[in-house]
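Structure file data-v6.txt; described as compact mmCIF, C-alpha atoms.
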# COMPACT_ATOMS: atom_id res chain seq x y z
CA MET A 21 0.00 0.00 0.00
CA GLY A 22 1.48 3.35 -1.05
CA HIS A 23 1.76 6.44 1.13
CA PHE A 24 1.13 10.08 0.19
CA THR A 25 3.93 12.60 0.54
CA PHE A 26 5.57 15.63 -1.10
CA GLU A 27 8.88 15.40 -2.91
CA TYR A 28 9.80 19.03 -2.19
CA PRO A 29 7.98 20.09 1.01
CA ALA A 30 10.32 23.10 1.39
CA ALA A 31 8.32 24.74 -1.41
CA PHE A 32 5.59 25.53 1.15
CA LEU A 33 7.94 28.15 2.64
CA LEU A 34 6.84 30.30 -0.30
CA LEU A 35 3.48 30.69 1.49
CA LEU A 36 5.31 32.42 4.34
CA LEU A 37 7.02 34.70 1.84
CA TYR A 38 3.62 35.45 0.29
CA ALA A 39 2.19 36.40 3.69
CA ILE A 40 5.13 38.69 4.42
CA CYS A 41 4.81 40.41 1.06
CA ALA A 42 1.06 40.78 1.46
CA LYS A 43 1.66 42.59 4.75
CA TRP A 44 4.74 44.68 4.01
CA CYS A 45 5.06 44.95 0.26
CA LYS A 46 1.82 46.73 -0.62
CA ALA A 47 1.84 49.02 -3.65
CA ARG A 48 1.40 52.75 -2.95
CA TYR A 49 -0.95 54.88 -5.08
CA GLU A 50 -1.77 58.61 -5.05
CA SER A 51 -5.12 59.27 -3.42
CA VAL A 52 -7.85 61.47 -4.85
CA ILE A 53 -10.55 62.40 -2.32
CA PHE A 54 -13.97 63.66 -3.39
CA PRO A 55 -17.50 63.57 -1.84
CA GLY A 56 -19.04 60.08 -1.61
CA SER A 57 -15.72 58.30 -2.01
CA GLY A 58 -16.50 56.13 1.05
CA TYR A 59 -19.18 54.19 -0.84
CA LEU A 60 -16.76 53.52 -3.66
CA ALA A 61 -14.08 52.44 -1.18
CA ARG A 62 -16.41 49.86 0.40
CA ALA A 63 -17.46 48.50 -2.99
CA ALA A 64 -13.86 48.34 -4.12
CA SER A 65 -12.91 46.67 -0.83
CA ARG A 66 -15.39 43.82 -1.40
CA ARG A 67 -14.13 43.32 -4.94
CA SER A 68 -10.52 43.52 -3.74
CA THR A 69 -11.13 40.90 -1.00
CA ARG A 70 -12.57 38.50 -3.54
CA GLN A 71 -9.60 39.05 -5.85
CA ARG A 72 -7.14 38.55 -2.99
CA LEU A 73 -8.77 35.26 -2.04
CA ILE A 74 -8.67 34.07 -5.65
CA ARG A 75 -5.01 35.09 -5.98
CA PHE A 76 -4.12 33.44 -2.68
CA GLY A 77 -5.97 30.25 -3.61
CA ALA A 78 -4.23 30.12 -6.99
CA PHE A 79 -0.86 30.72 -5.31
CA VAL A 80 -1.49 27.93 -2.75
CA LEU A 81 -2.33 25.52 -5.55
CA LEU A 82 0.77 26.53 -7.54
CA VAL A 83 2.97 26.01 -4.47
CA THR A 84 1.32 22.62 -3.87
CA ALA A 85 2.08 21.62 -7.47
CA LEU A 86 5.66 22.85 -7.03
CA ALA A 87 6.00 20.70 -3.88
CA SER A 88 5.18 17.71 -6.14
CA PRO A 89 2.58 15.57 -4.37
CA VAL A 90 3.26 11.87 -4.95
CA VAL A 91 2.13 8.47 -3.77
CA LYS A 92 5.16 6.27 -3.13
CA GLU A 93 4.98 2.50 -3.10
CA GLU A 94 7.94 0.22 -2.44
CA VAL A 95 8.15 -2.67 -4.88
CA VAL A 96 10.29 -5.68 -3.92
CA VAL A 97 11.43 -7.95 -6.73
CA GLN A 98 12.84 -11.31 -5.66
CA HIS A 99 15.15 -13.44 -7.72
CA ASP A 100 15.52 -16.94 -6.32
CA LYS A 101 17.83 -19.68 -7.51
CA GLY A 102 15.03 -21.75 -9.03
CA TYR A 103 14.80 -24.61 -6.53
CA GLU A 104 12.21 -27.28 -7.28
CA ILE A 105 11.81 -30.08 -4.75
CA SER A 106 9.82 -33.30 -5.00
CA LEU A 107 8.94 -34.98 -1.70
CA ILE A 108 8.51 -38.77 -2.07
CA LEU A 109 6.92 -40.43 0.97
CA ASP A 110 6.41 -44.08 1.78
CA ALA A 111 2.81 -44.64 2.97
CA SER A 112 2.91 -48.45 3.01
CA GLY A 113 1.50 -50.55 5.87
CA SER A 114 4.80 -50.73 7.77
CA MET A 115 4.77 -46.93 8.18
CA ALA A 116 1.84 -47.28 10.59
CA GLN A 117 4.10 -48.98 13.18
CA ASN A 118 5.00 -46.71 16.10
CA ASN A 119 3.22 -43.84 14.32
CA LYS A 120 6.14 -43.47 11.91
CA PHE A 121 4.04 -41.85 9.20
CA GLY A 122 2.52 -39.34 11.63
CA ILE A 123 5.99 -38.32 12.80
CA VAL A 124 7.24 -38.04 9.21
CA LYS A 125 4.29 -35.81 8.31
CA GLU A 126 5.08 -33.42 11.17
CA ILE A 127 8.74 -33.13 10.17
CA VAL A 128 7.98 -32.78 6.46
CA THR A 129 5.35 -30.14 7.25
CA GLN A 130 7.96 -28.04 9.04
CA PHE A 131 10.39 -28.55 6.14
CA VAL A 132 7.78 -27.30 3.66
CA LYS A 133 7.04 -24.21 5.75
CA GLU A 134 10.71 -23.27 5.79
CA ARG A 135 11.08 -23.55 1.99
CA LYS A 136 9.23 -20.29 1.38
CA HIS A 137 10.60 -19.49 -2.07
CA ASP A 138 10.70 -22.95 -3.67
CA LYS A 139 8.31 -25.02 -5.75
CA LEU A 140 7.43 -28.29 -4.05
CA GLY A 141 5.61 -31.42 -5.12
CA LEU A 142 4.44 -34.53 -3.28
CA THR A 143 4.44 -38.17 -4.39
CA ILE A 144 2.99 -40.96 -2.24
CA PHE A 145 3.65 -44.65 -2.69
CA ALA A 146 2.70 -48.04 -1.27
CA ASP A 147 1.09 -50.73 -3.48
CA PHE A 148 1.34 -48.15 -6.25
CA ALA A 149 2.70 -44.64 -6.60
CA TYR A 150 0.85 -41.48 -7.49
CA VAL A 151 1.61 -37.77 -7.66
CA ALA A 152 -0.50 -36.16 -4.96
CA VAL A 153 0.64 -32.59 -5.66
CA PRO A 154 2.56 -31.47 -8.76
CA LEU A 155 5.33 -28.91 -8.35
CA THR A 156 3.73 -25.73 -7.02
CA TYR A 157 4.41 -22.54 -5.06
CA ASP A 158 1.08 -23.04 -3.27
CA LYS A 159 2.41 -24.36 0.03
CA ALA A 160 -0.95 -23.99 1.77
CA SER A 161 -2.65 -26.44 -0.59
CA LEU A 162 0.22 -28.91 -0.33
CA LEU A 163 0.12 -28.80 3.47
CA ARG A 164 -3.67 -29.26 3.56
CA LEU A 165 -3.40 -32.35 1.37
CA LEU A 166 -0.42 -33.71 3.32
CA GLU A 167 -2.46 -33.44 6.51
CA LYS A 168 -5.14 -35.71 5.02
CA VAL A 169 -2.74 -38.37 3.70
CA GLU A 170 -2.71 -41.51 5.84
CA VAL A 171 -1.18 -44.97 5.68
CA GLY A 172 -3.25 -47.18 3.40
CA ILE A 173 -4.25 -44.46 0.99
CA ALA A 174 -2.28 -46.29 -1.72
CA GLY A 175 -2.60 -49.80 -0.28
CA THR A 176 -0.78 -51.61 2.50
CA GLN A 177 0.72 -54.79 1.03
CA ARG A 178 3.57 -53.66 -1.20
CA THR A 179 6.22 -50.93 -1.61
CA ALA A 180 6.44 -49.48 -5.12
CA LEU A 181 9.60 -47.51 -4.34
CA TYR A 182 11.15 -47.49 -7.84
CA GLU A 183 7.81 -46.62 -9.43
CA ALA A 184 7.48 -43.65 -7.07
CA LEU A 185 10.97 -42.45 -7.94
CA PHE A 186 10.25 -42.77 -11.66
CA MET A 187 6.91 -40.94 -11.42
CA SER A 188 8.42 -38.18 -9.33
CA THR A 189 11.19 -37.53 -11.85
CA LYS A 190 8.55 -37.02 -14.52
CA LEU A 191 7.44 -33.91 -12.64
CA PHE A 192 10.62 -32.23 -13.87
CA LYS A 193 10.14 -33.14 -17.53
CA ASP A 194 9.44 -29.57 -18.64
CA SER A 195 11.31 -27.84 -15.83
CA HIS A 196 13.91 -25.15 -16.50
CA ALA A 197 14.88 -24.78 -12.85
CA LYS A 198 18.56 -24.52 -12.02
CA HIS A 199 18.23 -26.84 -9.03
CA LYS A 200 16.02 -29.94 -9.15
CA ILE A 201 15.86 -32.10 -6.03
CA ALA A 202 13.94 -35.16 -4.85
CA ILE A 203 13.84 -36.38 -1.25
CA LEU A 204 12.88 -40.05 -1.03
CA LEU A 205 11.88 -41.45 2.37
CA THR A 206 11.12 -45.12 3.02
CA ASP A 207 11.22 -47.82 5.68
CA GLY A 208 11.10 -50.71 3.23
CA MET A 209 12.36 -52.30 0.01
CA ASP A 210 10.78 -52.28 -3.43
CA ASN A 211 8.66 -55.40 -3.90
CA ALA A 212 6.22 -54.16 -6.54
CA GLY A 213 8.53 -54.74 -9.51
CA THR A 214 6.66 -52.27 -11.73
CA VAL A 215 9.69 -50.16 -12.74
CA PRO A 216 13.35 -51.33 -12.86
CA LEU A 217 15.74 -49.46 -10.56
CA GLU A 218 18.10 -48.50 -13.40
CA VAL A 219 15.25 -46.97 -15.40
CA ALA A 220 14.26 -44.81 -12.42
CA ILE A 221 17.86 -43.71 -11.79
CA ASN A 222 18.59 -42.98 -15.46
CA THR A 223 15.43 -40.92 -15.78
CA ALA A 224 16.48 -38.86 -12.76
CA LYS A 225 19.93 -38.34 -14.26
CA LYS A 226 18.39 -37.41 -17.61
CA TYR A 227 16.49 -34.52 -16.04
CA GLY A 228 19.39 -33.50 -13.79
CA ILE A 229 17.65 -34.37 -10.52
CA LYS A 230 19.67 -34.72 -7.35
CA ILE A 231 18.11 -37.32 -5.06
CA TYR A 232 18.46 -37.45 -1.30
CA THR A 233 17.42 -40.81 0.14
CA ILE A 234 16.37 -41.46 3.73
CA GLY A 235 16.02 -44.87 5.32
CA ILE A 236 14.06 -44.84 8.58
CA GLY A 237 13.66 -47.51 11.21
CA ALA A 238 15.83 -50.62 11.58
CA ARG A 239 18.54 -51.13 8.94
CA GLY A 240 17.18 -54.54 7.99
CA ASP A 241 13.80 -53.08 7.03
CA TYR A 242 15.20 -51.12 4.08
CA ASN A 243 18.07 -51.73 1.69
CA PRO A 244 20.81 -49.18 2.47
CA TYR A 245 22.86 -50.24 -0.56
CA VAL A 246 20.03 -49.45 -2.98
CA LEU A 247 19.27 -46.11 -1.32
CA GLU A 248 22.95 -45.18 -1.33
CA LYS A 249 23.22 -46.19 -5.00
CA ILE A 250 20.28 -43.92 -5.93
CA ALA A 251 21.78 -40.99 -4.05
CA LYS A 252 25.35 -41.49 -5.25
CA GLU A 253 24.50 -41.85 -8.94
CA THR A 254 22.34 -38.71 -8.97
CA GLY A 255 24.71 -36.54 -6.93
CA GLY A 256 22.66 -36.63 -3.74
CA LYS A 257 23.30 -38.11 -0.33
CA PHE A 258 22.00 -41.09 1.67
CA PHE A 259 20.84 -40.69 5.27
CA GLU A 260 19.76 -43.16 7.94
CA ALA A 261 17.42 -42.22 10.77
CA ASP A 262 16.39 -44.61 13.50
CA SER A 263 14.88 -41.98 15.80
CA VAL A 264 12.72 -38.88 15.64
CA THR A 265 15.70 -36.69 16.57
CA LYS A 266 17.85 -38.09 13.78
CA LEU A 267 15.05 -37.70 11.24
CA LYS A 268 14.66 -34.04 12.17
CA GLU A 269 18.40 -33.58 11.81
CA VAL A 270 18.31 -35.19 8.35
CA TYR A 271 15.72 -32.74 7.01
CA LYS A 272 17.58 -29.83 8.60
CA ALA A 273 20.80 -31.03 6.96
CA ILE A 274 19.11 -31.22 3.54
CA ASP A 275 17.62 -27.79 4.12
CA ARG A 276 21.10 -26.37 4.78
CA LEU A 277 22.67 -28.16 1.83
CA GLU A 278 20.05 -26.95 -0.63
CA LYS A 279 19.09 -23.57 0.76
CA SER A 280 17.69 -21.00 -1.65
CA GLU A 281 19.68 -17.81 -1.89
CA ILE A 282 17.23 -14.98 -2.40
CA GLU A 283 18.23 -11.67 -3.92
CA ARG A 284 15.91 -8.75 -3.33
CA ASN A 285 15.85 -5.63 -5.43
CA ARG A 286 13.84 -2.78 -3.99
CA TYR A 287 12.28 -0.13 -6.18
CA VAL A 288 10.12 2.84 -5.31
CA LYS A 289 7.15 3.36 -7.59
CA LYS A 290 5.94 6.97 -7.71
CA ASP A 291 2.58 8.27 -8.93
CA TYR A 292 2.68 12.04 -9.48
CA PHE A 293 -0.35 14.28 -8.82
CA PHE A 294 1.07 17.79 -9.41
CA MET A 295 -1.23 18.23 -12.43
CA TRP A 296 -4.34 18.45 -10.23
CA PRO A 297 -3.32 21.50 -8.13
CA LEU A 298 -1.75 23.01 -11.24
CA GLY A 299 -5.03 22.63 -13.12
CA GLY A 300 -6.91 24.12 -10.13
CA ALA A 301 -4.60 27.14 -10.11
CA LEU A 302 -5.23 27.68 -13.82
CA LEU A 303 -9.00 27.55 -13.32
CA LEU A 304 -8.84 30.08 -10.46
CA THR A 305 -6.71 32.38 -12.60
CA LEU A 306 -9.23 32.23 -15.44
CA PHE A 307 -12.26 32.65 -13.16
CA PRO A 308 -12.11 36.51 -12.81
CA ILE A 309 -11.72 36.91 -16.59
CA VAL A 310 -14.75 34.70 -17.30
CA TRP A 311 -16.73 36.43 -14.54
CA LYS A 312 -16.08 39.89 -15.99
CA ARG A 313 -17.08 38.76 -19.47
CA ARG A 314 -20.36 37.34 -18.17
CA ARG A 315 -21.26 40.60 -16.41
CA ARG A 316 -20.80 42.70 -19.53
Starting from the file, give its structure as structure tokens.
Amino acid sequence: MGHFTFEYPAAFLLLLLYAICAKWCKARYESVIFPGSGYLARAASRRSTRQRLIRFGAFVLLVTALASPVVKEEVVVQHDKGYEISLILDASGSMAQNNKFGIVKEIVTQFVKERKHDKLGLTIFADFAYVAVPLTYDKASLLRLLEKVEVGIAGTQRTALYEALFMSTKLFKDSHAKHKIAILLTDGMDNAGTVPLEVAINTAKKYGIKIYTIGIGARGDYNPYVLEKIAKETGGKFFEADSVTKLKEVYKAIDRLEKSEIERNRYVKKDYFFMWPLGGALLLTLFPIVWKRRRR
């Protein structure tokens, strides 16, 4: 919201100069006195008062125009580094144990809130994988949907990990972002067999996606070698988290590693309004001339 101000407020000092001149700089004329001159003086005084008011009003408007009234509004233009992040979450049946999925949702929610200037997407997998939210700047919608996601929404019997990775990489097919990242979290191993691992990895490499993989729970539940392979071949990093504290640290570490650097350029937009008082002064100046012509 802009605010009203004057660019040259010192111009209003001219009003003080006008007042001084009106008091001390009066013109002197020779007087001619004759009978009945008092009536003429009163009539002339009324006309003179009207003229003085018109002149003063015109002068005030001219000074106001000279002071340059403006409405200033600060415009902030942000240039981010073009981060796009796909969140890939395991929602298979095993994630219901010890409320693992509920804990993951809380941590991921906080991660999303802290990525204020990035596009984020969400992919869920269990028996099958599906893109719940395509890459978007609308964090509020993503968080509302994440809140409603529960274990079993995509089945409970299998873990389509490679399919989820493959589908998530497709989100970046038409992306021109400088930084493309996927964060894959799971507590299990792929047993769906719908997409080969190499196909998923090669697709990620094709689109220049860096993948961070997170294995949660006991090491025997997930395959650390596969998760490390995915991360290593795409330029990412593999993490293991067997506690809530460690999982929080993992997301904080990823946040630090891939933090958007925001440049802000500030501009001041000005809307000028000097033409309005200037136009008013012109109308007041023309008013006596028009008035005289009408009375003739």
Taking 5 positions as the minimum chain separation for residues in the same chain, which residues sit within 9 Å of A:Phe79 when counting only C-alpha atoms? Answer as a ChimeraX atom specification. /A:35,38,74,84,301
With a distance cut-off of 7 Å and all atoms listed in the file, select the neighbouring residues of stretch 21-29 of chain A, excluding the residue or stretch itself and same-chain residues fewer than 6 positions from it, and output the selection as a ChimeraX atom specification. /A:87-93
Nearest to A:Gly299, chosen from A:Ala85, A:Ile144, A:Ile173, A:Leu34, with all atoms listed in the file counted in the distances: A:Ala85
Hey, which bits of stretch 179-242 of chain A sit within 8 Å of stretch 148-170 of chain A, and for each residue what's the closest pair of atoms and how far apart in Å (one decimal), counting only C-alpha atoms, rows by chain and increasing number, as a tab-separated table?
residue	atom	partner	partner_atom	distance
A:Thr179	CA	A:Phe148	CA	7.3
A:Ala180	CA	A:Phe148	CA	5.4
A:Leu181	CA	A:Ala149	CA	7.8
A:Glu183	CA	A:Ala149	CA	6.2
A:Ala184	CA	A:Ala149	CA	4.9
A:Met187	CA	A:Val151	CA	7.2
A:Ser188	CA	A:Val151	CA	7.0
A:Leu191	CA	A:Pro154	CA	6.7
A:Ala212	CA	A:Phe148	CA	7.7
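Here atom CA of A:Gly235 stands at a distance of 5.4 Å from atom CA of A:Thr206.
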Out of A:Leu37, A:Ala42, A:Thr254, A:Pro244, which residue has the shortest atom-to-atom distance to A:Arg72 when counting all atoms listed in the file? A:Ala42
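The residue that comes closest to A:Thr176, out of A:Val132, A:Asp110, A:Thr189, A:Leu217 and on the basis of all atoms listed in the file, is A:Asp110.
Ranking A:Phe131, A:Ala251, A:Arg178, A:Phe294 by their shortest atom-to-atom distance to A:Arg276, with all atoms listed in the file included, puts A:Phe131 first.
The shortest atom-to-atom distance to A:Gln177, with only C-alpha atoms taken into account, belongs to A:Ala146 out of A:Ile201, A:Ala31, A:Ala146, A:Ile236.
Between A:Lys136 and the residues A:Asp275, A:Leu303, A:Phe76, A:Gly122, the shortest atom-to-atom distance, using only C-alpha atoms, involves A:Asp275.
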